[in-house]
file final22.pdb (PDB, C-alpha atoms)
MODEL        1
ATOM      1  CA  MET A   1     262.528 108.631 115.228  1.00  0.00           C
ATOM      2  CA  ILE A   2     259.889 110.979 113.835  1.00  0.00           C
ATOM      3  CA  SER A   3     256.343 109.655 114.229  1.00  0.00           C
ATOM      4  CA  PHE A   4     253.366 110.646 112.139  1.00  0.00           C
ATOM      5  CA  ASN A   5     249.998 111.079 113.827  1.00  0.00           C
ATOM      6  CA  ALA A   6     247.684 109.918 111.036  1.00  0.00           C
ATOM      7  CA  ARG A   7     244.619 109.969 113.275  1.00  0.00           C
ATOM      8  CA  GLY A   8     245.280 113.578 114.273  1.00  0.00           C
ATOM      9  CA  ALA A   9     245.670 114.661 110.639  1.00  0.00           C
ATOM     10  CA  TRP A  10     242.480 112.799 109.685  1.00  0.00           C
ATOM     11  CA  SER A  11     240.538 114.376 112.540  1.00  0.00           C
ATOM     12  CA  ILE A  12     241.541 117.893 111.492  1.00  0.00           C
ATOM     13  CA  TYR A  13     240.743 117.063 107.868  1.00  0.00           C
ATOM     14  CA  GLN A  14     237.285 115.721 108.709  1.00  0.00           C
ATOM     15  CA  ARG A  15     236.424 118.662 110.932  1.00  0.00           C
ATOM     16  CA  GLU A  16     237.441 121.232 108.321  1.00  0.00           C
ATOM     17  CA  LEU A  17     235.703 119.430 105.492  1.00  0.00           C
ATOM     18  CA  MET A  18     232.488 119.139 107.499  1.00  0.00           C
ATOM     19  CA  ARG A  19     232.683 122.843 108.290  1.00  0.00           C
ATOM     20  CA  ALA A  20     232.862 123.601 104.573  1.00  0.00           C
ATOM     21  CA  MET A  21     229.930 121.284 103.867  1.00  0.00           C
ATOM     22  CA  ARG A  22     227.804 122.971 106.548  1.00  0.00           C
ATOM     23  CA  THR A  23     228.135 126.215 104.596  1.00  0.00           C
ATOM     24  CA  ALA A  24     227.701 124.523 101.213  1.00  0.00           C
ATOM     25  CA  PHE A  25     225.427 127.223  99.805  1.00  0.00           C
ATOM     26  CA  GLN A  26     227.952 129.976 100.457  1.00  0.00           C
ATOM     27  CA  SER A  27     231.128 128.000  99.751  1.00  0.00           C
ATOM     28  CA  ILE A  28     230.021 125.821  96.822  1.00  0.00           C
ATOM     29  CA  LEU A  29     226.651 126.759  95.299  1.00  0.00           C
ATOM     30  CA  SER A  30     227.274 130.502  95.338  1.00  0.00           C
ATOM     31  CA  PRO A  31     230.522 130.423  93.287  1.00  0.00           C
ATOM     32  CA  VAL A  32     228.969 127.867  90.921  1.00  0.00           C
ATOM     33  CA  LEU A  33     225.987 130.165  90.287  1.00  0.00           C
ATOM     34  CA  THR A  34     228.313 133.117  89.737  1.00  0.00           C
ATOM     35  CA  THR A  35     230.437 131.150  87.282  1.00  0.00           C
ATOM     36  CA  SER A  36     227.282 129.999  85.476  1.00  0.00           C
ATOM     37  CA  LEU A  37     226.361 133.642  84.891  1.00  0.00           C
ATOM     38  CA  TYR A  38     229.770 134.189  83.285  1.00  0.00           C
ATOM     39  CA  PHE A  39     229.121 131.238  80.993  1.00  0.00           C
ATOM     40  CA  VAL A  40     225.716 132.625  80.036  1.00  0.00           C
ATOM     41  CA  VAL A  41     226.941 136.176  79.373  1.00  0.00           C
ATOM     42  CA  PHE A  42     230.426 135.607  77.960  1.00  0.00           C
ATOM     43  CA  GLY A  43     230.163 132.054  76.719  1.00  0.00           C
ATOM     44  CA  SER A  44     226.704 131.867  75.154  1.00  0.00           C
ATOM     45  CA  VAL A  45     225.777 135.476  74.356  1.00  0.00           C
ATOM     46  CA  ILE A  46     229.073 137.222  73.594  1.00  0.00           C
ATOM     47  CA  GLY A  47     230.863 134.019  72.622  1.00  0.00           C
ATOM     48  CA  GLY A  48     228.466 133.452  69.741  1.00  0.00           C
ATOM     49  CA  ARG A  49     229.701 136.695  68.154  1.00  0.00           C
ATOM     50  CA  MET A  50     233.423 136.098  68.769  1.00  0.00           C
ATOM     51  CA  GLU A  51     235.887 134.462  66.422  1.00  0.00           C
ATOM     52  CA  PRO A  52     237.621 131.288  67.689  1.00  0.00           C
ATOM     53  CA  ILE A  53     240.927 131.870  69.461  1.00  0.00           C
ATOM     54  CA  ASP A  54     243.705 129.537  68.276  1.00  0.00           C
ATOM     55  CA  GLY A  55     241.040 127.254  66.892  1.00  0.00           C
ATOM     56  CA  VAL A  56     239.037 127.102  70.142  1.00  0.00           C
ATOM     57  CA  ASP A  57     235.513 128.522  70.395  1.00  0.00           C
ATOM     58  CA  TYR A  58     235.414 131.536  72.666  1.00  0.00           C
ATOM     59  CA  GLY A  59     232.951 129.955  75.095  1.00  0.00           C
ATOM     60  CA  ALA A  60     235.280 126.997  75.592  1.00  0.00           C
ATOM     61  CA  PHE A  61     238.384 129.205  75.620  1.00  0.00           C
ATOM     62  CA  ILE A  62     237.314 131.045  78.794  1.00  0.00           C
ATOM     63  CA  ILE A  63     236.549 127.892  80.822  1.00  0.00           C
ATOM     64  CA  PRO A  64     240.093 127.465  82.268  1.00  0.00           C
ATOM     65  CA  GLY A  65     240.220 131.141  83.223  1.00  0.00           C
ATOM     66  CA  LEU A  66     236.834 131.092  84.925  1.00  0.00           C
ATOM     67  CA  LEU A  67     237.774 127.878  86.708  1.00  0.00           C
ATOM     68  CA  MET A  68     241.005 129.448  87.940  1.00  0.00           C
ATOM     69  CA  LEU A  69     239.139 132.593  89.016  1.00  0.00           C
ATOM     70  CA  THR A  70     236.849 130.552  91.258  1.00  0.00           C
ATOM     71  CA  LEU A  71     239.479 128.144  92.564  1.00  0.00           C
ATOM     72  CA  LEU A  72     241.956 130.807  93.662  1.00  0.00           C
ATOM     73  CA  GLY A  73     239.406 132.851  95.564  1.00  0.00           C
ATOM     74  CA  GLU A  74     237.469 130.004  97.179  1.00  0.00           C
ATOM     75  CA  THR A  75     240.498 127.887  98.100  1.00  0.00           C
ATOM     76  CA  THR A  76     242.293 130.829  99.660  1.00  0.00           C
ATOM     77  CA  ASN A  77     239.184 131.963 101.537  1.00  0.00           C
ATOM     78  CA  ASN A  78     238.372 128.511 102.888  1.00  0.00           C
ATOM     79  CA  SER A  79     241.879 127.795 104.123  1.00  0.00           C
ATOM     80  CA  SER A  80     242.398 131.232 105.668  1.00  0.00           C
ATOM     81  CA  PHE A  81     239.061 131.146 107.493  1.00  0.00           C
ATOM     82  CA  GLY A  82     239.779 127.623 108.731  1.00  0.00           C
ATOM     83  CA  ILE A  83     242.897 128.642 110.664  1.00  0.00           C
ATOM     84  CA  TYR A  84     241.734 132.161 111.554  1.00  0.00           C
ATOM     85  CA  MET A  85     238.688 131.041 113.535  1.00  0.00           C
ATOM     86  CA  PRO A  86     240.697 128.932 116.051  1.00  0.00           C
ATOM     87  CA  ARG A  87     242.944 131.957 116.567  1.00  0.00           C
ATOM     88  CA  PHE A  88     239.943 134.256 116.964  1.00  0.00           C
ATOM     89  CA  THR A  89     238.177 131.988 119.476  1.00  0.00           C
ATOM     90  CA  GLY A  90     241.328 130.934 121.330  1.00  0.00           C
ATOM     91  CA  THR A  91     240.999 127.237 120.528  1.00  0.00           C
ATOM     92  CA  ILE A  92     244.291 127.407 118.628  1.00  0.00           C
ATOM     93  CA  TYR A  93     246.049 126.588 121.910  1.00  0.00           C
ATOM     94  CA  GLU A  94     244.286 123.229 122.021  1.00  0.00           C
ATOM     95  CA  LEU A  95     245.705 122.480 118.590  1.00  0.00           C
ATOM     96  CA  LEU A  96     249.200 123.629 119.550  1.00  0.00           C
ATOM     97  CA  SER A  97     249.181 121.468 122.681  1.00  0.00           C
ATOM     98  CA  ALA A  98     247.798 118.395 120.883  1.00  0.00           C
ATOM     99  CA  PRO A  99     250.175 115.619 119.759  1.00  0.00           C
ATOM    100  CA  VAL A 100     250.167 116.756 116.127  1.00  0.00           C
ATOM    101  CA  GLY A 101     253.046 118.333 114.262  1.00  0.00           C
ATOM    102  CA  VAL A 102     253.297 120.781 111.390  1.00  0.00           C
ATOM    103  CA  THR A 103     252.862 118.049 108.783  1.00  0.00           C
ATOM    104  CA  GLU A 104     249.651 116.704 110.303  1.00  0.00           C
ATOM    105  CA  THR A 105     248.246 120.206 110.777  1.00  0.00           C
ATOM    106  CA  LEU A 106     248.921 121.182 107.170  1.00  0.00           C
ATOM    107  CA  LEU A 107     247.552 117.916 105.808  1.00  0.00           C
ATOM    108  CA  GLY A 108     244.364 118.485 107.798  1.00  0.00           C
ATOM    109  CA  PHE A 109     243.703 122.146 107.091  1.00  0.00           C
ATOM    110  CA  VAL A 110     245.179 122.391 103.607  1.00  0.00           C
ATOM    111  CA  GLY A 111     243.916 118.974 102.554  1.00  0.00           C
ATOM    112  CA  ALA A 112     240.331 119.914 103.401  1.00  0.00           C
ATOM    113  CA  ALA A 113     240.582 123.227 101.537  1.00  0.00           C
ATOM    114  CA  ALA A 114     242.134 121.510  98.512  1.00  0.00           C
ATOM    115  CA  THR A 115     239.440 118.809  98.543  1.00  0.00           C
ATOM    116  CA  LYS A 116     236.738 121.451  98.532  1.00  0.00           C
ATOM    117  CA  GLY A 117     238.500 123.123  95.626  1.00  0.00           C
ATOM    118  CA  LEU A 118     238.511 119.864  93.648  1.00  0.00           C
ATOM    119  CA  ILE A 119     234.804 119.324  94.352  1.00  0.00           C
ATOM    120  CA  LEU A 120     234.128 122.882  93.208  1.00  0.00           C
ATOM    121  CA  ALA A 121     236.174 122.349  90.030  1.00  0.00           C
ATOM    122  CA  ALA A 122     234.241 119.170  89.188  1.00  0.00           C
ATOM    123  CA  ILE A 123     230.893 120.917  89.665  1.00  0.00           C
ATOM    124  CA  ILE A 124     231.938 123.917  87.562  1.00  0.00           C
ATOM    125  CA  LEU A 125     233.198 121.717  84.718  1.00  0.00           C
ATOM    126  CA  GLY A 126     229.956 119.760  84.849  1.00  0.00           C
ATOM    127  CA  THR A 127     227.969 122.992  84.771  1.00  0.00           C
ATOM    128  CA  ALA A 128     229.997 124.271  81.810  1.00  0.00           C
ATOM    129  CA  THR A 129     228.740 121.383  79.667  1.00  0.00           C
ATOM    130  CA  LEU A 130     225.264 122.913  79.896  1.00  0.00           C
ATOM    131  CA  PHE A 131     226.397 126.078  78.138  1.00  0.00           C
ATOM    132  CA  VAL A 132     229.370 125.282  75.871  1.00  0.00           C
ATOM    133  CA  ASP A 133     230.948 122.312  74.125  1.00  0.00           C
ATOM    134  CA  TYR A 134     234.499 121.576  75.171  1.00  0.00           C
ATOM    135  CA  THR A 135     236.985 118.752  75.413  1.00  0.00           C
ATOM    136  CA  ILE A 136     240.049 118.310  77.617  1.00  0.00           C
ATOM    137  CA  VAL A 137     243.104 117.289  75.606  1.00  0.00           C
ATOM    138  CA  HIS A 138     245.206 116.278  78.618  1.00  0.00           C
ATOM    139  CA  PRO A 139     242.699 115.199  81.308  1.00  0.00           C
ATOM    140  CA  PHE A 140     245.229 113.686  83.725  1.00  0.00           C
ATOM    141  CA  ALA A 141     247.492 116.720  83.390  1.00  0.00           C
ATOM    142  CA  ALA A 142     244.455 118.940  84.055  1.00  0.00           C
ATOM    143  CA  ILE A 143     243.599 117.035  87.244  1.00  0.00           C
ATOM    144  CA  GLY A 144     247.210 117.152  88.416  1.00  0.00           C
ATOM    145  CA  TYR A 145     247.541 120.856  87.671  1.00  0.00           C
ATOM    146  CA  ILE A 146     244.282 121.690  89.449  1.00  0.00           C
ATOM    147  CA  MET A 147     245.478 119.698  92.477  1.00  0.00           C
ATOM    148  CA  LEU A 148     248.798 121.562  92.422  1.00  0.00           C
ATOM    149  CA  VAL A 149     247.123 124.970  92.240  1.00  0.00           C
ATOM    150  CA  THR A 150     244.567 124.188  94.960  1.00  0.00           C
ATOM    151  CA  ALA A 151     247.310 122.867  97.259  1.00  0.00           C
ATOM    152  CA  SER A 152     249.469 125.950  96.654  1.00  0.00           C
ATOM    153  CA  PHE A 153     246.714 128.454  97.360  1.00  0.00           C
ATOM    154  CA  SER A 154     245.429 126.449 100.299  1.00  0.00           C
ATOM    155  CA  LEU A 155     248.879 126.925 101.804  1.00  0.00           C
ATOM    156  CA  PHE A 156     248.768 130.587 100.857  1.00  0.00           C
ATOM    157  CA  GLY A 157     245.368 130.933 102.511  1.00  0.00           C
ATOM    158  CA  PHE A 158     246.737 129.252 105.628  1.00  0.00           C
ATOM    159  CA  ILE A 159     249.452 131.924 105.794  1.00  0.00           C
ATOM    160  CA  LEU A 160     246.860 134.643 105.210  1.00  0.00           C
ATOM    161  CA  GLY A 161     244.694 133.291 108.039  1.00  0.00           C
ATOM    162  CA  ILE A 162     247.630 133.429 110.421  1.00  0.00           C
ATOM    163  CA  TRP A 163     248.661 136.904 109.289  1.00  0.00           C
ATOM    164  CA  ALA A 164     245.191 138.459 109.515  1.00  0.00           C
ATOM    165  CA  ASP A 165     244.159 139.966 112.838  1.00  0.00           C
ATOM    166  CA  SER A 166     240.616 140.924 111.749  1.00  0.00           C
ATOM    167  CA  PHE A 167     237.862 139.626 109.496  1.00  0.00           C
ATOM    168  CA  GLU A 168     238.413 142.586 107.176  1.00  0.00           C
ATOM    169  CA  LYS A 169     241.998 141.538 106.471  1.00  0.00           C
ATOM    170  CA  LEU A 170     240.859 138.046 105.496  1.00  0.00           C
ATOM    171  CA  GLY A 171     239.159 139.489 102.420  1.00  0.00           C
ATOM    172  CA  ILE A 172     241.796 141.997 101.370  1.00  0.00           C
ATOM    173  CA  ILE A 173     244.057 139.650  99.402  1.00  0.00           C
ATOM    174  CA  PRO A 174     241.364 137.546  97.646  1.00  0.00           C
ATOM    175  CA  LEU A 175     239.118 140.495  96.739  1.00  0.00           C
ATOM    176  CA  LEU A 176     241.587 143.297  96.047  1.00  0.00           C
ATOM    177  CA  ILE A 177     244.538 141.340  94.641  1.00  0.00           C
ATOM    178  CA  LEU A 178     243.741 137.793  93.485  1.00  0.00           C
ATOM    179  CA  THR A 179     240.463 138.555  91.708  1.00  0.00           C
ATOM    180  CA  PRO A 180     241.709 141.608  89.730  1.00  0.00           C
ATOM    181  CA  LEU A 181     244.936 139.803  88.775  1.00  0.00           C
ATOM    182  CA  THR A 182     242.952 136.810  87.532  1.00  0.00           C
ATOM    183  CA  PHE A 183     240.717 139.018  85.385  1.00  0.00           C
ATOM    184  CA  LEU A 184     243.853 140.673  83.969  1.00  0.00           C
ATOM    185  CA  GLY A 185     245.647 137.331  83.548  1.00  0.00           C
ATOM    186  CA  GLY A 186     244.054 136.210  80.304  1.00  0.00           C
ATOM    187  CA  THR A 187     240.774 134.857  81.655  1.00  0.00           C
ATOM    188  CA  PHE A 188     238.721 136.293  78.776  1.00  0.00           C
ATOM    189  CA  TYR A 189     241.412 136.785  76.143  1.00  0.00           C
ATOM    190  CA  SER A 190     244.777 135.597  74.893  1.00  0.00           C
ATOM    191  CA  ILE A 191     247.682 137.668  76.153  1.00  0.00           C
ATOM    192  CA  ASP A 192     249.330 137.324  72.753  1.00  0.00           C
ATOM    193  CA  ASP A 193     246.498 139.418  71.294  1.00  0.00           C
ATOM    194  CA  LEU A 194     247.301 142.409  73.503  1.00  0.00           C
ATOM    195  CA  PRO A 195     249.099 145.265  71.730  1.00  0.00           C
ATOM    196  CA  GLY A 196     252.673 146.287  72.472  1.00  0.00           C
ATOM    197  CA  ILE A 197     253.502 147.174  76.040  1.00  0.00           C
ATOM    198  CA  TRP A 198     250.230 145.758  77.392  1.00  0.00           C
ATOM    199  CA  SER A 199     251.318 142.268  76.438  1.00  0.00           C
ATOM    200  CA  THR A 200     254.607 142.784  78.267  1.00  0.00           C
ATOM    201  CA  LEU A 201     252.847 144.121  81.357  1.00  0.00           C
ATOM    202  CA  ALA A 202     250.461 141.169  81.322  1.00  0.00           C
ATOM    203  CA  PHE A 203     253.384 138.771  81.697  1.00  0.00           C
ATOM    204  CA  ALA A 204     254.333 140.594  84.892  1.00  0.00           C
ATOM    205  CA  ASN A 205     251.129 139.161  86.351  1.00  0.00           C
ATOM    206  CA  PRO A 206     251.912 135.780  87.999  1.00  0.00           C
ATOM    207  CA  ILE A 207     248.284 134.620  87.699  1.00  0.00           C
ATOM    208  CA  ALA A 208     248.627 134.802  83.907  1.00  0.00           C
ATOM    209  CA  PHE A 209     251.035 131.863  84.053  1.00  0.00           C
ATOM    210  CA  LEU A 210     248.554 129.812  86.079  1.00  0.00           C
ATOM    211  CA  VAL A 211     245.707 130.493  83.645  1.00  0.00           C
ATOM    212  CA  SER A 212     247.968 129.736  80.703  1.00  0.00           C
ATOM    213  CA  GLY A 213     249.123 126.465  82.255  1.00  0.00           C
ATOM    214  CA  LEU A 214     245.590 125.272  82.911  1.00  0.00           C
ATOM    215  CA  ARG A 215     244.506 126.279  79.401  1.00  0.00           C
ATOM    216  CA  TRP A 216     247.306 124.145  77.973  1.00  0.00           C
ATOM    217  CA  THR A 217     246.013 121.076  79.814  1.00  0.00           C
ATOM    218  CA  PHE A 218     242.579 121.710  78.298  1.00  0.00           C
ATOM    219  CA  TYR A 219     243.382 122.571  74.681  1.00  0.00           C
ATOM    220  CA  GLY A 220     247.125 122.211  74.179  1.00  0.00           C
ATOM    221  CA  ILE A 221     247.530 125.970  73.654  1.00  0.00           C
ATOM    222  CA  SER A 222     249.083 128.528  75.979  1.00  0.00           C
ATOM    223  CA  ASP A 223     250.605 131.980  76.068  1.00  0.00           C
ATOM    224  CA  VAL A 224     253.736 130.680  77.795  1.00  0.00           C
ATOM    225  CA  SER A 225     255.477 127.317  78.044  1.00  0.00           C
ATOM    226  CA  ILE A 226     253.754 124.814  80.314  1.00  0.00           C
ATOM    227  CA  TRP A 227     257.120 124.145  81.950  1.00  0.00           C
ATOM    228  CA  VAL A 228     257.406 127.789  82.944  1.00  0.00           C
ATOM    229  CA  SER A 229     253.914 127.645  84.453  1.00  0.00           C
ATOM    230  CA  LEU A 230     254.742 124.437  86.321  1.00  0.00           C
ATOM    231  CA  GLY A 231     258.059 125.812  87.564  1.00  0.00           C
ATOM    232  CA  LEU A 232     256.468 128.981  88.943  1.00  0.00           C
ATOM    233  CA  THR A 233     253.643 127.035  90.585  1.00  0.00           C
ATOM    234  CA  PHE A 234     256.023 124.578  92.261  1.00  0.00           C
ATOM    235  CA  GLY A 235     258.196 127.517  93.329  1.00  0.00           C
ATOM    236  CA  PHE A 236     255.207 129.231  94.926  1.00  0.00           C
ATOM    237  CA  LEU A 237     254.269 125.981  96.671  1.00  0.00           C
ATOM    238  CA  ALA A 238     257.790 125.606  98.082  1.00  0.00           C
ATOM    239  CA  PHE A 239     257.794 129.243  99.216  1.00  0.00           C
ATOM    240  CA  CYS A 240     254.515 128.793 101.107  1.00  0.00           C
ATOM    241  CA  VAL A 241     255.791 125.618 102.781  1.00  0.00           C
ATOM    242  CA  GLY A 242     258.922 127.477 103.883  1.00  0.00           C
ATOM    243  CA  VAL A 243     256.923 130.376 105.310  1.00  0.00           C
ATOM    244  CA  ILE A 244     254.628 128.047 107.254  1.00  0.00           C
ATOM    245  CA  ALA A 245     257.588 126.094 108.618  1.00  0.00           C
ATOM    246  CA  TYR A 246     259.055 129.381 109.865  1.00  0.00           C
ATOM    247  CA  ILE A 247     255.723 130.380 111.442  1.00  0.00           C
ATOM    248  CA  PHE A 248     255.452 127.129 113.414  1.00  0.00           C
ATOM    249  CA  LYS A 249     259.113 127.268 114.391  1.00  0.00           C
ATOM    250  CA  THR A 250     258.893 130.795 115.772  1.00  0.00           C
ATOM    251  CA  GLY A 251     255.238 130.774 116.857  1.00  0.00           C
ATOM    252  CA  TRP A 252     254.595 134.042 115.013  1.00  0.00           C
ATOM    253  CA  ARG A 253     250.933 135.040 115.416  1.00  0.00           C
ATOM    254  CA  LEU A 254     250.105 131.612 116.813  1.00  0.00           C
ATOM    255  CA  ARG A 255     251.063 132.189 120.425  1.00  0.00           C
ATOM    256  CA  GLU A 256     250.222 135.882 120.623  1.00  0.00           C
TER     257      GLU A 256
ENDMDL
END
call {"tool": "encode", "arguments": {"input": "final22.pdb", "output": "structure tokens"}}
result
Amino acid sequence: MISFNARGAWSIYQRELMRAMRTAFQSILSPVLTTSLYFVVFGSVIGGRMEPIDGVDYGAFIIPGLLMLTLLGETTNNSSFGIYMPRFTGTIYELLSAPVGVTETLLGFVGAAATKGLILAAIILGTATLFVDYTIVHPFAAIGYIMLVTASFSLFGFILGIWADSFEKLGIIPLLILTPLTFLGGTFYSIDDLPGIWSTLAFANPIAFLVSGLRWTFYGISDVSIWVSLGLTFGFLAFCVGVIAYIFKTGWRLRE
């Protein structure tokens, strides 16, 4: 009979969440301030001179993209750093020898990173009301989709933290891959407005489907079907779970 160590999972969750709260300025206030600058520049200043896109004011149109930009980077960074530090300091062996399994470990580490992502999303959406007027057409779908994305990229960050063998590598994926792809994924524009081959190339960007899915939950409009966005996100989630299961089964990077 397989037992579940709820106390162990809760302990890991609390420790990781408290670690994030101790660095609240860097992990929460800093991205909120950065996003606020985007709202000021693109939403208030430039947005006042832009025509509505699919009936949505430009300032409101970019909110899902900016939210996704922040969530992907911060969730991945928080989760990767959370598992990298025990490896770096050697305390990972205490975790591996403790009576907690893969499920409890993931619920602790990934749950804390996802929770921080949800807190960040709530603060950003609250901040956005200071600069632009917007409404969320499907609020429960938006919450569910944000939870799905934060969980997926928390798992991805967990994999990144195990793969990285230096602090420099921790920042490679979020800074050099995730951030540029998010900017090119329809954050500030509709992919349908791109000319010719550029529109086709944009759909080769997986982040474009995430931005489009979140935008649908806000305004009921999207560049691709919401079911395609959901399918790709669930597929990415399943892939990350499979990779982590393999890592714990083989001990890759954990016992080195």
call {"tool": "atom_distance", "arguments": {"input": "final22.pdb", "atom1": "atom CA of A:Ala151", "atom2": "atom CA of A:Leu237"}}
result
7.6 Å
call {"tool": "residues_around", "arguments": {"input": "final22.pdb", "residues": "stretch 191-207 of chain A", "least_positions_apart": "6", "cutoff": "10 Å", "atoms": "all atoms listed in the file", "output": "short mmCIF file (atom, residue, chain, number, x, y, z; two decimals) with C-alpha atoms, keeping the file's coordinate frame"}}
result
data_model
loop_
_atom_site.label_atom_id
_atom_site.label_comp_id
_atom_site.auth_asym_id
_atom_site.auth_seq_id
_atom_site.Cartn_x
_atom_site.Cartn_y
_atom_site.Cartn_z
CA ILE A 53 240.93 131.87 69.46
CA GLY A 65 240.22 131.14 83.22
CA MET A 68 241.00 129.45 87.94
CA LEU A 69 239.14 132.59 89.02
CA LEU A 72 241.96 130.81 93.66
CA LEU A 178 243.74 137.79 93.48
CA THR A 179 240.46 138.56 91.71
CA PRO A 180 241.71 141.61 89.73
CA LEU A 181 244.94 139.80 88.78
CA THR A 182 242.95 136.81 87.53
CA PHE A 183 240.72 139.02 85.38
CA LEU A 184 243.85 140.67 83.97
CA GLY A 185 245.65 137.33 83.55
CA GLY A 213 249.12 126.46 82.26
CA SER A 222 249.08 128.53 75.98
CA ASP A 223 250.60 131.98 76.07
CA VAL A 224 253.74 130.68 77.80
CA SER A 229 253.91 127.64 84.45
CA LEU A 232 256.47 128.98 88.94
CA THR A 233 253.64 127.04 90.58
#
call {"tool": "resolve_selection", "arguments": {"input": "final22.pdb", "expression": "the PyMOL selection byres ((chain A and resi 78) around 8)", "output": "ChimeraX atom specification"}}
result
/A:20,27,74-77,79-82,113,154,157
call {"tool": "write_last_selection", "arguments": {"input": "final22.pdb", "atoms": "C-alpha atoms", "output": "PDB file, in the coordinates of the input"}}
result
ATOM      1  CA  ALA A  20     232.862 123.601 104.573  1.00  0.00           C
ATOM      2  CA  SER A  27     231.128 128.000  99.751  1.00  0.00           C
ATOM      3  CA  GLU A  74     237.469 130.004  97.179  1.00  0.00           C
ATOM      4  CA  THR A  75     240.498 127.887  98.100  1.00  0.00           C
ATOM      5  CA  THR A  76     242.293 130.829  99.660  1.00  0.00           C
ATOM      6  CA  ASN A  77     239.184 131.963 101.537  1.00  0.00           C
ATOM      7  CA  SER A  79     241.879 127.795 104.123  1.00  0.00           C
ATOM      8  CA  SER A  80     242.398 131.232 105.668  1.00  0.00           C
ATOM      9  CA  PHE A  81     239.061 131.146 107.493  1.00  0.00           C
ATOM     10  CA  GLY A  82     239.779 127.623 108.731  1.00  0.00           C
ATOM     11  CA  ALA A 113     240.582 123.227 101.537  1.00  0.00           C
ATOM     12  CA  SER A 154     245.429 126.449 100.299  1.00  0.00           C
ATOM     13  CA  GLY A 157     245.368 130.933 102.511  1.00  0.00           C
TER      14      GLY A 157
END
call {"tool": "closest_residue", "arguments": {"input": "final22.pdb", "among": "A:Tyr84, A:Ser212, A:Thr103, A:Ala245", "to": "A:Glu168", "atoms": "all atoms listed in the file"}}
result
A:Tyr84
call {"tool": "residues_around", "arguments": {"input": "final22.pdb", "residues": "A:Leu29", "least_positions_apart": "2", "cutoff": "12 Å", "atoms": "all atoms listed in the file", "output": "PDB file with C-alpha atoms, in the frame of the given file"}}
result
ATOM      1  CA  ALA A  20     232.862 123.601 104.573  1.00  0.00           C
ATOM      2  CA  MET A  21     229.930 121.284 103.867  1.00  0.00           C
ATOM      3  CA  ARG A  22     227.804 122.971 106.548  1.00  0.00           C
ATOM      4  CA  THR A  23     228.135 126.215 104.596  1.00  0.00           C
ATOM      5  CA  ALA A  24     227.701 124.523 101.213  1.00  0.00           C
ATOM      6  CA  PHE A  25     225.427 127.223  99.805  1.00  0.00           C
ATOM      7  CA  GLN A  26     227.952 129.976 100.457  1.00  0.00           C
ATOM      8  CA  SER A  27     231.128 128.000  99.751  1.00  0.00           C
ATOM      9  CA  PRO A  31     230.522 130.423  93.287  1.00  0.00           C
ATOM     10  CA  VAL A  32     228.969 127.867  90.921  1.00  0.00           C
ATOM     11  CA  LEU A  33     225.987 130.165  90.287  1.00  0.00           C
ATOM     12  CA  THR A  34     228.313 133.117  89.737  1.00  0.00           C
ATOM     13  CA  THR A  35     230.437 131.150  87.282  1.00  0.00           C
ATOM     14  CA  SER A  36     227.282 129.999  85.476  1.00  0.00           C
ATOM     15  CA  THR A  70     236.849 130.552  91.258  1.00  0.00           C
ATOM     16  CA  GLU A  74     237.469 130.004  97.179  1.00  0.00           C
ATOM     17  CA  LYS A 116     236.738 121.451  98.532  1.00  0.00           C
ATOM     18  CA  ILE A 119     234.804 119.324  94.352  1.00  0.00           C
ATOM     19  CA  LEU A 120     234.128 122.882  93.208  1.00  0.00           C
ATOM     20  CA  ALA A 121     236.174 122.349  90.030  1.00  0.00           C
ATOM     21  CA  ILE A 123     230.893 120.917  89.665  1.00  0.00           C
ATOM     22  CA  ILE A 124     231.938 123.917  87.562  1.00  0.00           C
ATOM     23  CA  THR A 127     227.969 122.992  84.771  1.00  0.00           C
TER      24      THR A 127
END
call {"tool": "atom_distance", "arguments": {"input": "final22.pdb", "atom1": "atom CA of A:Gly108", "atom2": "atom CA of A:Ile173"}}
result
22.8 Å
call {"tool": "closest_residue", "arguments": {"input": "final22.pdb", "among": "A:Val132, A:Gly90, A:Val102, A:Ile221", "to": "A:Lys249", "atoms": "all atoms listed in the file"}}
result
A:Val102
call {"tool": "residues_around", "arguments": {"input": "final22.pdb", "residues": "stretch 4-10 of chain A", "least_positions_apart": "5", "cutoff": "10 Å", "atoms": "only C-alpha atoms", "output": "number ranges by chain"}}
result
A: 15-16, 95, 98-109, 111-112
call {"tool": "closest_residue", "arguments": {"input": "final22.pdb", "among": "A:Val56, A:Ala142, A:Leu160, A:Leu125", "to": "A:Ile247", "atoms": "only C-alpha atoms"}}
result
A:Leu160
